[in-house]
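Source file: structure.tsv (TSV, C-alpha atoms)
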chain	number	residue	atom	x	y	z
A	1	MET	CA	-16.78	-25.97	9.07
A	2	LEU	CA	-20.01	-24.08	8.45
A	3	PRO	CA	-20.42	-22.28	5.12
A	4	ARG	CA	-19.72	-18.56	5.41
A	5	PHE	CA	-23.34	-17.45	5.01
A	6	LEU	CA	-24.38	-19.79	7.86
A	7	GLN	CA	-21.54	-18.45	10.01
A	8	ARG	CA	-22.75	-14.90	9.43
A	9	LEU	CA	-26.34	-15.85	10.26
A	10	ARG	CA	-25.28	-17.64	13.43
A	11	HIS	CA	-23.17	-14.74	14.68
A	12	ARG	CA	-25.86	-12.17	13.92
A	13	LEU	CA	-28.51	-14.18	15.74
A	14	LEU	CA	-26.29	-14.98	18.74
A	15	GLY	CA	-24.46	-11.67	18.83
A	16	ARG	CA	-21.00	-13.28	18.66
A	17	THR	CA	-17.91	-12.70	16.58
A	18	THR	CA	-15.18	-15.13	15.63
A	19	SER	CA	-11.60	-14.20	16.46
A	20	TYR	CA	-9.28	-12.62	13.93
A	21	ASP	CA	-7.00	-15.70	14.04
A	22	GLU	CA	-9.97	-17.94	13.30
A	23	GLY	CA	-10.70	-15.67	10.36
A	24	LEU	CA	-7.18	-16.25	9.05
A	25	ARG	CA	-7.71	-20.00	9.23
A	26	ASP	CA	-11.00	-19.64	7.36
A	27	GLU	CA	-9.23	-17.56	4.70
A	28	ALA	CA	-6.56	-20.22	4.21
A	29	ALA	CA	-9.22	-22.93	3.97
A	30	PHE	CA	-11.16	-20.91	1.40
A	31	TRP	CA	-8.13	-20.54	-0.85
A	32	ARG	CA	-7.12	-24.19	-0.48
A	33	ARG	CA	-10.51	-25.28	-1.76
A	34	SER	CA	-10.67	-22.59	-4.45
A	35	LEU	CA	-7.26	-23.44	-5.89
A	36	ALA	CA	-7.87	-27.18	-5.71
A	37	GLU	CA	-11.10	-26.77	-7.69
A	38	GLY	CA	-9.65	-24.41	-10.27
A	39	GLY	CA	-11.83	-21.62	-8.92
A	40	ARG	CA	-15.07	-23.51	-9.59
A	41	HIS	CA	-16.79	-22.39	-6.35
A	42	TRP	CA	-14.98	-19.03	-6.27
A	43	ASN	CA	-14.57	-17.58	-9.77
A	44	ALA	CA	-13.37	-19.89	-12.53
A	45	GLU	CA	-12.70	-17.02	-14.94
A	46	ALA	CA	-10.67	-15.11	-12.37
A	47	PHE	CA	-8.65	-18.25	-11.64
A	48	ARG	CA	-7.93	-18.72	-15.35
A	49	MET	CA	-6.87	-15.11	-15.86
A	50	ARG	CA	-4.67	-14.93	-12.77
A	51	MET	CA	-2.85	-18.11	-13.80
A	52	ASP	CA	-2.23	-16.73	-17.29
A	53	PRO	CA	1.36	-15.42	-17.73
A	54	CYS	CA	-0.08	-12.87	-20.19
A	55	PHE	CA	-2.65	-11.53	-17.70
A	56	GLU	CA	-3.21	-7.92	-18.79
A	57	PHE	CA	-2.24	-5.05	-16.49
A	58	GLN	CA	-5.49	-3.42	-15.33
A	59	LEU	CA	-6.80	-0.52	-17.41
A	60	SER	CA	-7.67	1.44	-14.26
A	61	LEU	CA	-4.01	1.25	-13.22
A	62	ARG	CA	-2.74	2.23	-16.67
A	63	GLU	CA	-4.73	5.43	-16.27
A	64	LEU	CA	-2.81	6.19	-13.07
A	65	VAL	CA	0.50	5.60	-14.83
A	66	ALA	CA	-0.51	8.26	-17.38
A	67	ASN	CA	-0.59	10.78	-14.49
A	68	SER	CA	2.66	9.76	-12.80
A	69	PRO	CA	6.41	10.32	-13.29
A	70	VAL	CA	6.71	7.01	-15.20
A	71	ALA	CA	4.12	8.01	-17.81
A	72	PHE	CA	6.50	7.62	-20.74
A	73	THR	CA	9.72	6.06	-19.52
A	74	GLY	CA	11.07	3.47	-17.13
A	75	THR	CA	9.90	0.28	-15.49
A	76	ILE	CA	6.60	0.55	-13.60
A	77	GLN	CA	7.06	-0.77	-10.07
A	78	VAL	CA	3.77	-2.12	-8.68
A	79	LEU	CA	2.99	-3.54	-5.24
A	80	ASP	CA	-0.14	-5.65	-4.58
A	81	VAL	CA	-0.88	-5.71	-0.82
A	82	GLY	CA	-3.07	-8.54	0.51
A	83	ALA	CA	-2.77	-10.20	-2.89
A	84	GLY	CA	-3.79	-13.69	-1.83
A	85	PRO	CA	-2.16	-16.63	-3.65
A	86	LEU	CA	-2.98	-15.26	-7.13
A	87	SER	CA	-2.58	-11.52	-7.68
A	88	GLY	CA	-5.42	-9.90	-9.59
A	89	VAL	CA	-3.36	-6.91	-10.78
A	90	GLY	CA	-1.86	-8.37	-13.95
A	91	HIS	CA	1.52	-7.43	-15.38
A	92	HIS	CA	1.40	-7.77	-19.18
A	93	TRP	CA	1.34	-4.43	-21.00
A	94	PRO	CA	2.67	-4.50	-24.56
A	95	GLY	CA	5.38	-1.90	-24.96
A	96	ARG	CA	5.77	-1.31	-21.21
A	97	ASN	CA	7.70	-3.14	-18.51
A	98	VAL	CA	5.61	-3.81	-15.39
A	99	GLN	CA	7.44	-5.22	-12.38
A	100	LEU	CA	4.79	-6.70	-10.04
A	101	THR	CA	5.47	-7.55	-6.40
A	102	ALA	CA	2.69	-9.30	-4.45
A	103	VAL	CA	2.56	-9.67	-0.66
A	104	ASP	CA	0.21	-11.29	1.84
A	105	PRO	CA	0.59	-12.34	5.51
A	106	LEU	CA	-0.58	-15.87	4.54
A	107	ALA	CA	2.02	-16.29	1.79
A	108	ASP	CA	3.77	-19.23	3.49
A	109	THR	CA	0.47	-21.13	3.65
A	110	PHE	CA	-0.27	-20.26	0.04
A	111	ASP	CA	3.17	-21.52	-1.02
A	112	GLN	CA	2.45	-24.87	0.62
A	113	ILE	CA	-0.95	-25.18	-1.07
A	114	ILE	CA	0.43	-24.17	-4.47
A	115	SER	CA	3.28	-26.66	-4.13
A	116	GLU	CA	0.91	-29.48	-3.18
A	117	LEU	CA	-1.34	-28.71	-6.16
A	118	GLN	CA	1.67	-28.24	-8.49
A	119	LEU	CA	0.44	-24.85	-9.69
A	120	LYS	CA	2.68	-22.22	-11.28
A	121	PRO	CA	1.30	-18.69	-10.78
A	122	PRO	CA	2.99	-16.01	-12.90
A	123	THR	CA	3.74	-14.00	-9.72
A	124	GLN	CA	4.69	-15.62	-6.42
A	125	THR	CA	3.22	-13.92	-3.36
A	126	GLN	CA	5.76	-12.97	-0.67
A	127	ARG	CA	5.06	-12.96	3.06
A	128	ALA	CA	4.45	-9.47	4.44
A	129	SER	CA	1.64	-7.74	6.28
A	130	GLY	CA	0.33	-4.35	5.24
A	131	GLU	CA	1.10	-3.00	8.71
A	132	ASP	CA	4.85	-3.68	8.33
A	133	LEU	CA	5.75	-2.92	4.71
A	134	LEU	CA	8.66	-0.69	5.71
A	135	SER	CA	10.35	-3.70	7.32
A	136	ILE	CA	10.57	-5.24	3.84
A	137	PHE	CA	10.71	-2.33	1.39
A	138	GLN	CA	12.48	1.02	1.27
A	139	PRO	CA	10.44	4.24	1.34
A	140	ASP	CA	9.45	5.73	-2.03
A	141	THR	CA	9.87	2.43	-3.90
A	142	PHE	CA	6.67	1.82	-5.89
A	143	ASP	CA	4.91	3.79	-8.61
A	144	ILE	CA	1.55	2.14	-7.82
A	145	VAL	CA	0.45	0.36	-4.63
A	146	VAL	CA	-2.75	-1.68	-4.95
A	147	CYS	CA	-4.98	-3.15	-2.27
A	148	SER	CA	-8.17	-4.84	-3.46
A	149	ASN	CA	-10.78	-6.24	-1.08
A	150	ALA	CA	-8.11	-6.82	1.56
A	151	LEU	CA	-7.60	-3.65	3.61
A	152	ASP	CA	-10.72	-4.33	5.67
A	153	HIS	CA	-9.28	-7.76	6.53
A	154	SER	CA	-6.21	-6.30	8.24
A	155	ARG	CA	-5.68	-5.85	11.96
A	156	ASP	CA	-4.97	-2.13	11.61
A	157	PRO	CA	-6.10	-0.77	8.22
A	158	MET	CA	-5.03	2.83	8.87
A	159	ARG	CA	-1.51	1.70	9.69
A	160	CYS	CA	-1.60	-0.29	6.43
A	161	ILE	CA	-2.56	2.88	4.55
A	162	GLN	CA	0.28	4.81	6.19
A	163	GLN	CA	2.77	2.06	5.31
A	164	MET	CA	1.51	1.82	1.72
A	165	PHE	CA	1.76	5.57	1.41
A	166	ALA	CA	5.33	5.49	2.75
A	167	VAL	CA	6.52	2.99	0.11
A	168	THR	CA	4.80	4.93	-2.71
A	169	ARG	CA	7.07	7.21	-4.71
A	170	PRO	CA	6.33	10.95	-4.88
A	171	GLY	CA	3.97	11.42	-7.80
A	172	GLY	CA	2.90	7.77	-7.50
A	173	TRP	CA	-0.47	6.35	-6.58
A	174	MET	CA	-2.34	4.10	-4.20
A	175	PHE	CA	-5.37	2.32	-5.64
A	176	LEU	CA	-7.76	0.86	-3.04
A	177	TRP	CA	-10.87	-1.07	-4.13
A	178	HIS	CA	-13.26	-2.40	-1.46
A	179	TYR	CA	-16.86	-3.16	-0.63
A	180	GLN	CA	-18.52	-0.43	1.37
A	181	ASN	CA	-19.08	-1.11	5.10
A	182	GLU	CA	-18.28	-4.82	4.73
A	183	ALA	CA	-17.73	-5.51	8.44
A	184	GLN	CA	-21.22	-4.27	9.26
A	185	GLU	CA	-22.64	-6.26	6.35
A	186	GLU	CA	-20.83	-9.42	7.53
A	187	GLY	CA	-21.77	-8.99	11.17
A	188	TYR	CA	-18.17	-8.39	12.36
A	189	VAL	CA	-17.23	-12.00	11.72
A	190	GLY	CA	-13.61	-13.19	11.53
A	191	LEU	CA	-11.41	-10.88	9.46
A	192	HIS	CA	-14.22	-8.37	8.96
A	193	GLN	CA	-13.60	-5.98	11.85
A	194	TRP	CA	-13.37	-2.67	9.96
A	195	ASN	CA	-15.64	-0.80	7.57
A	196	LEU	CA	-14.52	1.38	4.67
A	197	ASP	CA	-16.76	4.24	3.55
A	198	GLU	CA	-16.51	7.54	1.67
A	199	ALA	CA	-17.69	11.06	2.41
A	200	ASN	CA	-17.01	14.09	0.23
A	201	GLY	CA	-14.19	12.21	-1.47
A	202	ASP	CA	-12.50	11.19	1.78
A	203	LEU	CA	-11.84	7.55	2.71
A	204	LEU	CA	-13.22	6.71	6.15
A	205	LEU	CA	-12.36	3.71	8.32
A	206	TRP	CA	-14.69	2.86	11.17
A	207	ASN	CA	-16.03	0.14	13.43
A	208	LYS	CA	-17.98	-0.01	16.67
A	209	THR	CA	-15.31	1.84	18.66
A	210	ALA	CA	-13.34	4.06	16.25
A	211	ARG	CA	-13.65	6.34	13.23
A	212	GLN	CA	-10.68	7.58	11.17
A	213	SER	CA	-10.26	9.91	8.20
A	214	CYS	CA	-7.65	9.12	5.57
A	215	ARG	CA	-7.25	12.80	4.67
A	216	ALA	CA	-6.72	13.76	8.31
A	217	VAL	CA	-4.11	11.05	8.88
A	218	LEU	CA	-2.11	11.48	5.65
A	219	GLY	CA	-2.37	15.26	5.65
A	220	SER	CA	-1.41	17.62	2.86
A	221	ALA	CA	1.12	15.20	1.36
A	222	ALA	CA	-1.76	13.15	-0.07
A	223	ALA	CA	-4.46	13.90	-2.62
A	224	VAL	CA	-7.35	11.58	-1.69
A	225	ASP	CA	-10.20	10.91	-4.12
A	226	THR	CA	-12.76	8.29	-3.07
A	227	ARG	CA	-15.98	7.50	-4.88
A	228	PRO	CA	-18.37	4.60	-5.59
A	229	ASP	CA	-17.41	2.17	-8.34
A	230	PRO	CA	-20.38	2.30	-10.76
A	231	ALA	CA	-19.45	-1.10	-12.21
A	232	VAL	CA	-19.92	-3.02	-8.94
A	233	PRO	CA	-22.78	-2.41	-6.49
A	234	ARG	CA	-21.80	-1.37	-2.95
A	235	SER	CA	-18.14	-0.85	-3.79
A	236	ILE	CA	-15.82	2.15	-3.49
A	237	VAL	CA	-12.50	3.10	-5.06
A	238	ALA	CA	-9.92	5.35	-3.40
A	239	ARG	CA	-7.19	6.88	-5.57
A	240	ILE	CA	-4.51	8.49	-3.44
A	241	GLN	CA	-1.60	10.35	-5.03
A	242	LYS	CA	1.55	11.17	-3.12
A	243	ARG	CA	2.29	14.77	-3.91
A	244	ILE	CA	5.73	15.79	-5.16
A	245	VAL	CA	7.12	18.29	-2.68
The structure given in the file should be rewritten as structure tokens.
Amino acid sequence: MLPRFLQRLRHRLLGRTTSYDEGLRDEAAFWRRSLAEGGRHWNAEAFRMRMDPCFEFQLSLRELVANSPVAFTGTIQVLDVGAGPLSGVGHHWPGRNVQLTAVDPLADTFDQIISELQLKPPTQTQRASGEDLLSIFQPDTFDIVVCSNALDHSRDPMRCIQQMFAVTRPGGWMFLWHYQNEAQEEGYVGLHQWNLDEANGDLLLWNKTARQSCRAVLGSAAAVDTRPDPAVPRSIVARIQKRIV
């Protein structure tokens, strides 16, 4: 298998794109190697943190809790969509109870790899696609729904957003972190078939044939705030709150 940067160069020069299913196989192969090497060719520090049972709940998500119905009481229900084999959300928050659920369409493959390598992640990823969350979870279930660098890998990212919004509780939040216009940057290779961008605070999804507005699709029930992430070049963060009617 060619390294990813050579695949991108080849497809840009020849004007070809790999299939989505081939992209899924590449994704599984990437994680198999990354987990087997303890993250050495991916991110060794991220591997260490995500395997730590005391992995801290993200500060950016704690700030959302402060502006939600569970600010002071109750268990915080969190869903990580497209989590991969090792969720990067974290769940340890001294004095608070964070219940983390992680899902990914490749969860069965990840389970096999993790079993072969005898790893014990603090949160086991369950099999579910972002497009079909309501087949697994009830509406209005989660206080925070997270999707990090995964929405642009889905077959239908706007449907994923609608499903994530549906399982978010009124007053709760969606937190979406992605690289800007990644499909265009990657040459529409494999899983990269959609771009995410922002304009006047709106979250836009587009590719060569379509362009969609998150505000237009979710309507007045959603407060959408999208802006660049100053900590990471060419990245954007969308914070979407489900209004209490």
* Asked: Which one of A:Ala28, A:Leu133, A:Ala238, A:Met49 sits closest to His178 of chain A if you count only C-alpha atoms?
  -> A:Ala238
* Structure fact -> Expressed in Å, the length from atom CA of Ile76 of chain A to atom CA of Gln241 of chain A is 15.4 Å
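Distances here use all atoms listed in the file; by that measure, the residue among A:Thr125, A:Gly187, A:Met174, A:Cys214 closest to Arg159 of chain A is A:Cys214.
Counting from atom CA of Ser34 of chain A, the distance to atom CA of Cys147 of chain A is 20.4 Å.
Considering all atoms listed in the file, the residue among A:Leu35, A:Trp177, A:Trp42, A:Gly130 positioned nearest to Pro85 of chain A is A:Leu35.
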